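A.B. asks: You'll find run13.txt just under this line, and it carries compact mmCIF, C-alpha atoms.
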# COMPACT_ATOMS: atom_id res chain seq x y z
CA MET A 143 165.42 87.90 113.34
CA THR A 144 167.04 86.97 110.09
CA VAL A 145 168.53 89.16 107.41
CA VAL A 146 167.76 87.86 103.97
CA GLU A 147 169.48 89.01 100.84
CA ARG A 148 167.52 88.05 97.76
CA ARG A 149 169.36 87.29 94.57
CA GLU A 150 166.52 87.78 92.17
CA ILE A 151 164.82 91.13 92.20
CA ALA A 152 161.22 90.84 93.32
CA LEU A 153 158.70 92.51 91.06
CA VAL A 154 157.18 94.37 93.95
CA ASP A 155 160.51 95.96 94.87
CA LEU A 156 160.96 96.96 91.27
CA LEU A 157 157.50 98.51 91.07
CA ASP A 158 158.11 100.48 94.27
CA ARG A 159 160.94 102.13 92.42
CA LEU A 160 159.69 102.30 88.86
CA LEU A 161 156.18 103.49 89.67
CA ALA A 162 156.85 105.60 92.74
CA GLY A 163 160.48 106.60 92.07
CA GLY A 164 162.34 107.88 89.06
CA VAL A 165 162.19 111.36 87.63
CA VAL A 166 158.67 112.36 86.71
CA ILE A 167 158.51 113.99 83.31
CA LYS A 168 155.47 114.83 81.31
CA GLY A 169 156.08 113.17 77.98
CA ASP A 170 154.83 114.53 74.65
CA ILE A 171 151.97 112.22 74.62
CA THR A 172 151.71 112.94 78.26
CA LEU A 173 150.50 109.54 79.03
CA ARG A 174 149.62 110.89 82.41
CA ILE A 175 151.47 107.85 83.64
CA ALA A 176 153.86 110.32 85.05
CA ASP A 177 151.03 111.37 87.27
CA VAL A 178 151.51 109.50 90.51
CA ASP A 179 147.83 109.45 91.28
CA LEU A 180 146.93 107.73 88.07
CA VAL A 181 149.62 105.14 88.58
CA ARG A 182 148.30 104.50 92.04
CA ILE A 183 144.81 104.03 90.68
CA ASP A 184 146.05 101.63 88.03
CA LEU A 185 148.15 99.80 90.52
CA ASN A 186 145.28 99.54 92.93
CA ALA A 187 143.23 97.93 90.23
CA LEU A 188 146.12 95.63 89.57
CA ILE A 189 146.53 94.71 93.18
CA SER A 190 142.85 94.03 93.65
CA SER A 191 142.84 91.78 90.60
CA VAL A 192 145.80 89.93 92.04
CA ASN A 193 144.01 89.72 95.35
CA ALA A 194 141.01 88.13 93.72
CA GLN A 195 143.12 85.46 92.08
CA VAL A 196 145.47 84.75 94.93
CA PRO A 197 143.72 85.18 98.22
CA SER A 198 145.99 86.55 100.87
CA PRO A 199 146.93 83.88 103.37
CA PHE A 200 146.51 86.44 106.13
CA GLU A 201 142.96 87.46 105.63
CA GLU A 202 141.74 84.87 108.05
CA SER A 203 144.27 85.51 110.73
CA LEU A 204 144.10 89.31 110.71
CA MET B 159 162.19 105.23 62.25
CA THR B 160 158.58 104.97 63.33
CA GLY B 161 157.21 104.36 66.77
CA LEU B 162 157.26 106.27 69.99
CA ARG B 163 160.28 106.93 72.17
CA TYR B 164 160.46 105.25 75.54
CA VAL B 165 163.01 107.02 77.75
CA TYR B 166 164.78 105.06 80.51
CA ALA B 167 167.25 107.51 81.87
CA VAL B 168 169.20 110.69 81.44
CA CYS B 169 172.97 110.56 81.88
CA ARG B 170 176.08 112.53 81.30
CA PRO B 171 177.94 111.34 78.18
CA PHE B 172 179.97 108.20 78.88
CA GLY B 173 182.72 106.65 76.81
CA THR B 174 181.92 102.98 77.19
CA PRO B 175 179.45 101.47 74.72
CA LEU B 176 176.42 99.62 76.07
CA GLN B 177 176.49 95.82 75.88
CA ALA B 178 175.66 94.85 72.30
CA GLN B 179 173.07 92.22 73.20
CA LEU B 180 171.17 94.47 75.59
CA THR B 181 167.48 94.61 74.75
CA GLY B 182 165.09 97.10 76.18
CA VAL B 183 161.34 97.47 76.44
CA GLY B 184 159.57 95.61 73.64
CA GLY B 185 162.84 93.97 72.55
CA ASP B 186 164.26 97.11 70.95
CA PRO B 187 167.90 97.79 71.86
CA PRO B 188 168.39 100.97 73.88
CA ARG B 189 169.95 103.81 71.91
CA LEU B 190 171.77 106.91 73.04
CA LEU B 191 170.28 110.24 72.09
CA PRO B 192 172.81 112.94 72.93
CA HIS B 193 171.70 116.53 73.21
CA GLY B 194 173.93 119.26 74.54
CA ASP B 195 175.92 117.79 77.40
CA LEU B 196 173.28 115.22 78.33
CA VAL B 197 172.34 111.85 76.88
CA ALA B 198 168.87 110.34 76.90
CA VAL B 199 168.71 106.55 76.72
CA VAL B 200 165.72 105.57 74.56
CA SER B 201 164.02 102.66 72.82
CA HIS B 202 161.59 102.75 69.95
CA VAL B 203 158.26 101.33 71.08
CA PRO B 204 155.05 100.69 69.13
CA GLU B 205 152.19 103.13 69.46
CA GLY B 206 149.84 100.18 69.70
CA ASP B 207 151.23 99.39 73.16
CA PHE B 208 152.53 102.73 74.36
CA GLY B 209 150.00 105.22 73.08
CA GLU B 210 147.97 106.85 75.81
CA GLU B 211 144.93 104.59 75.74
CA PRO B 212 146.67 101.24 75.16
CA LEU B 213 149.26 101.96 77.80
CA ARG B 214 146.64 102.65 80.39
CA ALA B 215 144.98 99.33 79.64
CA ARG B 216 148.33 97.54 79.48
CA LEU B 217 149.29 98.70 82.94
CA GLU B 218 146.52 96.51 84.31
CA ASP B 219 148.13 93.46 82.75
CA LEU B 220 150.57 92.12 85.29
CA ASP B 221 152.54 90.00 82.82
CA TRP B 222 152.99 92.93 80.48
CA LEU B 223 153.90 95.28 83.30
CA THR B 224 156.41 92.74 84.60
CA ALA B 225 158.11 92.47 81.21
CA VAL B 226 158.34 96.24 80.86
CA ALA B 227 159.58 96.71 84.41
CA ARG B 228 162.27 94.04 84.01
CA ALA B 229 163.40 95.44 80.66
CA HIS B 230 163.53 98.95 82.12
CA GLN B 231 165.55 97.70 85.07
CA GLY B 232 167.87 95.73 82.74
CA VAL B 233 168.78 98.90 80.88
CA ILE B 234 169.25 100.92 84.08
CA ASP B 235 171.46 98.13 85.46
CA ALA B 236 173.61 98.13 82.35
CA LEU B 237 173.93 101.92 82.58
CA THR B 238 174.90 101.65 86.23
CA THR B 239 178.01 99.69 85.28
CA VAL B 240 179.28 102.55 83.10
CA THR B 241 177.87 105.72 84.66
CA THR B 242 175.48 107.08 87.30
CA PRO B 243 172.15 107.19 85.45
CA LEU B 244 169.22 109.33 86.42
CA PRO B 245 166.34 106.85 86.05
CA LEU B 246 162.99 108.12 84.80
CA ARG B 247 159.66 106.78 85.92
CA LEU B 248 158.33 103.75 84.09
CA GLY B 249 156.29 104.71 81.05
CA THR B 250 157.89 108.03 80.12
CA VAL B 251 157.11 108.19 76.40
CA PHE B 252 157.62 110.79 73.68
CA ARG B 253 156.35 110.98 70.15
CA ASP B 254 159.76 111.31 68.51
CA ASP B 255 163.41 112.22 69.06
CA SER B 256 162.71 115.91 68.86
CA GLY B 257 160.24 115.59 71.75
CA VAL B 258 163.00 114.00 73.81
CA ARG B 259 165.44 116.76 72.89
CA THR B 260 162.96 119.45 73.82
CA MET B 261 162.50 117.78 77.18
CA LEU B 262 166.26 117.55 77.75
CA GLU B 263 166.59 121.22 77.02
CA ALA B 264 163.71 122.26 79.22
CA ARG B 265 164.95 120.26 82.21
CA ASP B 266 168.67 120.77 81.61
CA GLU B 267 169.33 122.58 84.86
CA ASP B 268 167.33 120.12 86.98
CA PHE B 269 169.06 117.16 85.41
CA HIS B 270 172.51 118.54 86.06
CA ARG B 271 171.68 119.36 89.65
CA THR B 272 170.24 115.91 90.29
CA LEU B 273 173.06 114.11 88.48
CA ASP B 274 175.54 115.97 90.70
CA ARG B 275 173.62 114.97 93.78
CA LEU B 276 173.49 111.28 92.82
CA GLU B 277 176.97 110.89 91.33
CA GLY B 278 178.67 107.83 92.81
CA ARG B 279 175.67 106.99 95.01
CA VAL B 280 173.51 103.87 95.06
CA GLU B 281 170.26 102.99 96.71
CA TRP B 282 169.74 100.17 99.23
CA GLY B 283 166.33 98.85 100.14
CA VAL B 284 165.58 97.62 103.65
CA LYS B 285 162.33 95.97 104.65
CA VAL B 286 161.17 94.68 108.00
CA PHE B 287 158.51 91.97 108.19
CA VAL B 288 156.58 90.51 111.06
CA GLU B 289 156.11 86.84 110.30
CA ALA B 290 152.49 85.94 109.73
CA GLU B 291 152.63 82.91 111.95
CA GLN B 292 154.84 82.81 114.95
CA PRO B 293 156.84 79.62 114.38
CA GLU B 294 153.99 78.15 116.40
CA GLN B 295 155.80 78.85 119.68
CA ALA B 296 156.27 75.14 119.36
CA PRO B 297 154.92 73.69 122.53
CA ALA B 298 156.90 70.54 123.29
CA ALA B 299 153.68 68.72 123.94
CA PRO B 300 150.61 69.41 121.88
CA ALA B 301 148.69 72.33 123.36
CA PRO B 302 146.34 71.01 125.99
CA LYS B 303 142.75 71.14 124.98
CA PRO B 304 141.06 73.84 127.00
CA ALA B 305 139.21 72.13 129.77
CA SER B 306 136.70 74.90 130.09
CA GLY B 307 135.46 78.06 128.46
CA ARG B 308 137.56 80.03 130.90
CA ASP B 309 140.72 78.11 129.90
CA TYR B 310 139.92 78.72 126.29
CA LEU B 311 139.57 82.44 126.81
CA ARG B 312 142.78 82.55 128.79
CA GLN B 313 144.65 80.78 125.98
CA ARG B 314 143.18 83.16 123.44
CA ARG B 315 144.19 86.15 125.52
CA GLN B 316 147.75 84.86 125.78
CA GLN B 317 147.96 84.35 122.04
CA THR B 318 146.63 87.83 121.38
CA LYS B 319 149.02 89.29 123.93
CA SER B 320 152.11 87.67 122.43
CA ARG B 321 150.97 88.84 119.02
CA GLU B 322 150.63 92.40 120.29
CA ASP B 323 154.04 92.20 121.94
CA LEU B 324 155.53 91.12 118.65
CA TRP B 325 153.94 94.04 116.82
CA GLN B 326 155.25 96.42 119.40
CA GLN B 327 158.74 94.94 119.19
CA ALA B 328 158.61 95.13 115.41
CA GLU B 329 157.60 98.76 115.53
CA ILE B 330 160.39 99.64 117.93
CA LEU B 331 162.90 97.69 115.89
CA ALA B 332 161.79 99.28 112.62
CA THR B 333 161.98 102.77 114.10
CA ASP B 334 165.43 102.16 115.58
CA LEU B 335 166.74 100.53 112.45
CA HIS B 336 165.47 103.38 110.29
CA ARG B 337 167.12 105.92 112.58
CA ILE B 338 170.45 104.07 112.62
CA LEU B 339 170.49 103.50 108.88
CA SER B 340 169.45 107.08 108.17
CA GLU B 341 172.51 108.21 110.08
CA SER B 342 174.80 106.24 107.80
CA ALA B 343 172.95 107.28 104.64
CA GLU B 344 172.85 110.62 102.87
CA ASP B 345 169.13 110.49 102.40
CA SER B 346 166.21 108.16 102.93
CA ARG B 347 162.68 107.55 101.68
CA LEU B 348 159.85 105.54 103.16
CA HIS B 349 157.85 103.59 100.61
CA ALA B 350 154.37 102.32 101.36
CA PRO B 351 154.38 98.90 103.03
CA GLN B 352 154.12 96.15 100.44
CA ASN B 353 150.96 94.21 99.84
CA PRO B 354 151.70 90.55 100.64
CA ALA B 355 149.42 89.41 97.81
CA LEU B 356 151.63 91.20 95.31
CA SER B 357 154.99 90.55 96.95
CA GLY B 358 154.35 86.92 97.77
CA ALA B 359 156.42 87.56 100.90
CA THR B 360 155.37 85.96 104.12
CA GLY B 361 154.56 88.21 107.00
CA ARG B 362 153.41 91.76 107.19
CA ASN B 363 155.69 94.48 105.92
CA VAL B 364 156.17 97.12 108.62
CA LEU B 365 159.13 99.04 107.15
CA ASN B 366 159.85 99.55 103.46
CA ALA B 367 162.63 102.08 103.21
CA ALA B 368 165.26 103.18 100.71
CA TYR B 369 168.62 104.70 101.60
CA LEU B 370 170.97 106.73 99.45
CA VAL B 371 174.53 105.63 100.15
CA PRO B 372 177.84 106.50 98.49
CA ARG B 373 179.14 103.46 96.65
CA ALA B 374 182.32 103.60 98.70
CA LYS B 375 180.34 103.34 101.95
CA SER B 376 178.05 100.56 100.80
CA GLU B 377 179.96 97.77 102.48
CA GLU B 378 179.75 99.55 105.80
CA PHE B 379 176.03 100.12 105.30
CA VAL B 380 175.36 96.47 104.51
CA GLU B 381 177.28 95.46 107.62
CA ARG B 382 175.07 97.74 109.68
CA VAL B 383 172.00 96.00 108.35
CA ASP B 384 173.62 92.63 109.02
CA ARG B 385 174.26 93.60 112.60
CA THR B 386 170.53 93.76 113.27
CA LYS B 387 170.59 89.97 113.21
CA ASP B 388 170.63 89.61 116.97
CA GLY B 389 167.32 88.36 117.24
CA ILE B 390 163.75 88.83 117.90
CA PRO B 391 162.10 85.68 116.62
CA GLY B 392 159.29 86.35 114.22
CA ILE B 393 160.84 89.50 112.76
CA ARG B 394 162.68 89.41 109.47
CA VAL B 395 164.86 92.05 107.82
CA GLU B 396 165.43 92.01 104.07
CA LEU B 397 168.06 93.92 102.16
CA THR B 398 167.90 94.65 98.42
CA GLY B 399 170.36 96.45 96.23
CA PRO B 400 172.45 98.10 95.18
CA TRP B 401 169.90 99.88 93.01
CA ALA B 402 170.27 102.91 90.81
CA ALA B 403 168.98 105.81 92.89
CA TYR B 404 165.36 105.47 91.74
CA SER B 405 163.86 106.64 95.00
CA PHE B 406 166.04 109.75 95.10
CA ALA B 407 165.72 110.90 91.52
CA GLY B 408 162.88 113.28 92.33
CA GLU B 409 163.38 116.79 93.56
CA GLU B 410 161.77 116.31 96.95
CA SER B 411 163.56 117.59 99.98
CA ALA B 412 165.51 115.26 102.21
CA GLY B 413 163.61 112.67 104.14
CA LYS B 414 160.28 113.31 102.49
CA GLU B 415 158.11 110.23 102.47
CA SER B 416 156.88 108.98 99.15
CA ALA B 417 154.05 107.03 100.65
Step by step, read the file and then write its structure as structure tokens.

C.D. replies:
Amino acid sequence: MTVVERREIALVDLLDRLLAGGVVIKGDITLRIADVDLVRIDLNALISSVNAQVPSPFEESL
Amino acid sequence: MTGLRYVYAVCRPFGTPLQAQLTGVGGDPPRLLPHGDLVAVVSHVPEGDFGEEPLRARLEDLDWLTAVARAHQGVIDALTTVTTPLPLRLGTVFRDDSGVRTMLEARDEDFHRTLDRLEGRVEWGVKVFVEAEQPEQAPAAPAPKPASGRDYLRQRRQQTKSREDLWQQAEILATDLHRILSESAEDSRLHAPQNPALSGATGRNVLNAAYLVPRAKSEEFVERVDRTKDGIPGIRVELTGPWAAYSFAGEESAGKESA
């Protein structure tokens, strides 16, 4: 096993925190972004679009 | 000033000015909006990007989301050097300053309680991966071609078995590691395992955890993670941080999973 410390912050680590963490506040406009479920839906769409462009290397082996 | 207000964080007042060249979301420098004994850190953002409808569409645009996320993180990072910020979720937007003030007032008690809880703490991220391909268990000689169907099946069974063993080892390791690290942390959260297509990381993510650790105990915590090095081949542990306490900014009770 190896322990790796990355220098540059990976986007995915950032999104874990910025989209699932942080204080949730309903803004004025209430973008409903604060709503975790909506963010998940958006992110799912995002992930599937990424999936389509960059096929996972593991699909064949799993 | 026109535009909407994008709020990064809520802090207690701090004496040190923010770095002059710091730019926030959309290139606008973050500004301090004090109200009572709290300060909101805000940028002015265009309604064309951050209004309800455009923002929803924008979130599907990975490049745009990346830029916003990095800018948000840049501001939180800068704040972390001068205070303990309470980070807000990405995309918290108000119509104007008075909307932000109203929010500060309404949540005043919560903010103070959470700021007290997080004061002097940072977050560390620990992930465990099972490598996608075993480093090919490098047979010295090329694997013999199966002489028969039975040989072939036996080889397949062995491969499957070693794969299952590795999964089991990974699960045990992840569980142990999480227990050990939780003991040296004040709080922990389990995030959903990361999608390899989005992370670009090799291997499957079996643990994606965050730990709340006092700054003063961070070195000790990192050493604990380092000590997991004694090895199971094919399993990788990654450490990220220190982060502002994003995963602990909510009001959930201790140990609640976010995933």

A.B. asks: At a cut-off of 9 Å, using only C-alpha atoms, what residues contact Pro245 in chain B? Leave out same-chain residues fewer than 4 positions from it and give the result as a PyMOL selection string.

C.D. replies: (chain A and resi 160+163-165) or (chain B and resi 165-169+234+402-404+407)

A.B. asks: Quote the spacing between CA of Gly283 in chain B and CA of Leu190 in chain B in Å to one decimal place.

C.D. replies: 28.8 Å

A.B. asks: With only C-alpha atoms considered, list every residue of chain B at most 6 Å from chain A, as number ranges by chain.

C.D. replies: B: 210, 218, 245-248, 250-253, 355, 357, 387, 389-391, 393-397, 404-405, 407-408

A.B. asks: Using all atoms listed in the file, pick whichever of B:Asp255, B:Asp323, B:Glu211, B:Asp219 has the shortest atom-to-atom distance to Tyr164 in chain B.

C.D. replies: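 Closest residue, counting all atoms listed in the file: B:Asp255.
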
A.B. asks: Which residues, written as a list in words, have at least one atom at most 12 Å from Thr333 in chain B, with all atoms listed in the file counted and residues fewer than 4 positions away on the same chain left out?

C.D. replies: Lys285, Val286, Gln326, Gln327, Ala328, Glu329, Arg337, Ile338, Leu339, Ser340, Leu348, Val364, Leu365, Asn366 and Ala367 of chain B
